[in-house]
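Engineer: Before anything else, here's the structure in question.
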Amino acid sequence: MQLVVGVFLFVMGIGIAGIWTIDIIKNPEIDRSRGLARARDRVGSVMLPHWIAEYATALLCLVGGAALVLGWTSTPWSSVVPIALGALGYTSLNSLSWVLADRSRLSYGVPMAIGLVGALVGILLLLSGSLL
């Protein structure tokens with residue numbers, strides 16, 4: 001189970017970072033004219049705090065996934081796993097509201113739903129003692 005959850009976390013980390021990088025570069029609804037630190041979406045929300053949270057989640061998933069895949073379950077690195085699963089669950093659920101608010105973003109909802117379900121399964125495995 002450690003290998004499956006580890007690979008899942010690693011893939012989700014790459015996916016989160018990849019999707020956000022593409023979105024930051026190509027999304028016409030993001031005003032980057034004053035630089036990335038001051039970028040805003042179409043309703044005026046500042047994007048930087050959200051981007052930091054998303055990339056931090058991606059990094060946590062990569063580190064937690066690597067810890068599980070490499071068998072570092074008895075090291076301090078394994079403590080990243082529950083944090084990564086919690087962050088992934090939160091960002092997936094929170095981002096689903098963004099998809100539900102605008103049906104044109106429905107294609108984004110599939111990986112978010114997968115992230116949410118996977119995070120919940122991982123948390124249940126942690127709580128049952130089957131993961132670490």
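Ordered as shown in the structure tokens, chains take letters A, B, and onward, while each chain numbers its residues from 1 and ligands are numbered from 1 in the order shown.
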Give me, as a PyMOL selection string, the residues of region 2-69 of chain A that a backbone DSSP run labels helix (DSSP H, G or I).
Structural biologist: chain A and resi 2-26+36-38+48-69
Engineer: As number ranges by chain, please: the residues near Met47 (chain A) (cut-off 10 Å, only C-alpha atoms, same-chain neighbours under 2 positions excluded).
Structural biologist: A: 24, 30-32, 36-41, 44-45, 49-52
Engineer: Do you know which residues are at most 12 Å from Pro82 (chain A) counting only C-alpha atoms, after dropping those on the same chain fewer than 3 positions away, and could you put them as a PyMOL selection string?
Structural biologist: chain A and resi 5-6+9+57+60-61+63-65+67-68+73+76-79+85-89+119-127+131-132
Engineer: Just want the 10 Å neighbourhood of Ile114 (chain A), counted on only C-alpha atoms, with same-chain residues fewer than 3 positions away dropped. Output as JSON, numbers by chain.
Structural biologist: {"A": [8, 12, 89, 92, 109, 110, 111, 117, 118, 119, 120]}
Engineer: Restricted to C-alpha atoms, what would the selected residues look like written as a short mmCIF file (atom, residue, chain, number, x, y, z; two decimals), in the first residue's frame?
Structural biologist:
```
data_model
loop_
_atom_site.label_atom_id
_atom_site.label_comp_id
_atom_site.auth_asym_id
_atom_site.auth_seq_id
_atom_site.Cartn_x
_atom_site.Cartn_y
_atom_site.Cartn_z
CA PHE A 8 -0.23 8.56 -6.13
CA MET A 12 -0.51 14.41 -7.84
CA GLY A 89 -7.47 16.84 0.49
CA SER A 92 -8.78 19.38 -3.92
CA GLY A 109 -12.71 18.78 -11.77
CA VAL A 110 -11.67 15.23 -12.66
CA PRO A 111 -8.11 15.42 -11.27
CA VAL A 117 -10.76 10.65 -3.03
CA GLY A 118 -7.11 9.56 -2.98
CA ALA A 119 -6.32 11.86 -0.06
CA LEU A 120 -9.29 10.53 1.92
#
```
Engineer: Please measure the separation of CA of Leu93 (chain A) and CA of Val69 (chain A), giving the value in Å to one decimal.
Structural biologist: 25.3 Å
